[in-house]
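Participant: Structure provided below as structure tokens; questions to follow.
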Protein chains: 2
Amino acid sequence: MKMSQMSKYDALNMILQSLSASSGDIEASAVVSADGLLMASNFPKDMDEERMAAMTAALLAIGERAAMELRRGKLEQVFVRGTDGFIVMMSAGPDGVLAVMCNKMAKLGLIFLDMKRAAAQIAKIL
Amino acid sequence: MKMSQMSKYDALNMILQSLSASSGDIEASAVVSADGLLMASNFPKDMDEERMAAMTAALLAIGERAAMELRRGKLEQVFVRGTDGFIVMMSAGPDGVLAVMCNKMAKLGLIFLDMKRAAAQIAKIL
């Protein structure tokens, strides 16, 4: 199937699946709208998608505010490192955000690179 | 002057100054308490310290919530990348946070490394 024949939803899902396939350390991924609504996701069954969408929206809002107040320009990325893994969010065009959860073994440089490519593809679709 | 003869404030300031000296791309740095109060800072005159402390506290609160809700363990680091630079926050013991603002030329790997060392020193003092 060509990209042009797919629904937006299918195309976003395909990008998320390909992103997850690129690294076994990515546990979940989602495309979220700027206001925190889930547009597509690739989640294991025991994870709560809505919780990730809500947390993504909250982190984005405060990240945007911090970047503006502290004169760091337009928000491009928010990254949260915990003792058990990472959450990475990246702008995907003006209307979307790509959010990824990784385990703590993830190689961040590679994750950032793969996410950047995926975010560029997502931006074209949205 | 030995560390043991200094006030906590002087010791924290010395660590921040040494951190800034390690990279010309660090524009400002601060030690903030877990509840967002400024403990020490190394800021250029045209920057608002209180604003950085407030934003640090807000990012920390939501970063901690996200790490918990999304099962990433205990919060260690929050990183915000804007088009004009970065904000990096790192735990410095249970009661403190080291926050740094860099310009967009900063080499992140080096900044993370230098901050990790400084955070370990700060944790000993607090």
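Residues are named by chain letter and number: chains run A, B, ... in the order of the structure tokens, numbers start at 1 in each chain, and ligands are numbered from 1 in the order shown.
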For the strand (DSSP E) assignment from backbone DSSP, which residues of region 14-78 of chain B qualify? Please present them as a ChimeraX atom specification.
Facilitator: /B:26-33,38-42,75-78
Participant: With a cut-off of 10 Å and counting only C-alpha atoms, select all residues of chain B in contact with chain A and give the selection as a count of residues only.
Facilitator: 46
Participant: Hey, can you check how far CA of Ser41 (chain A) sits from CA of Gln121 (chain A)?
Facilitator: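 Answer for the CA of Ser41 (chain A) to CA of Gln121 (chain A) separation: 15.1 Å.
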Participant: Kindly indicate which residue among A:Ser33, A:Asn13, A:Ser22, A:Ser7 lies nearest to Phe112 (chain A), using only C-alpha atoms for the distances.
Facilitator: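 Smallest distance to Phe112 (chain A) is found for A:Ser22.
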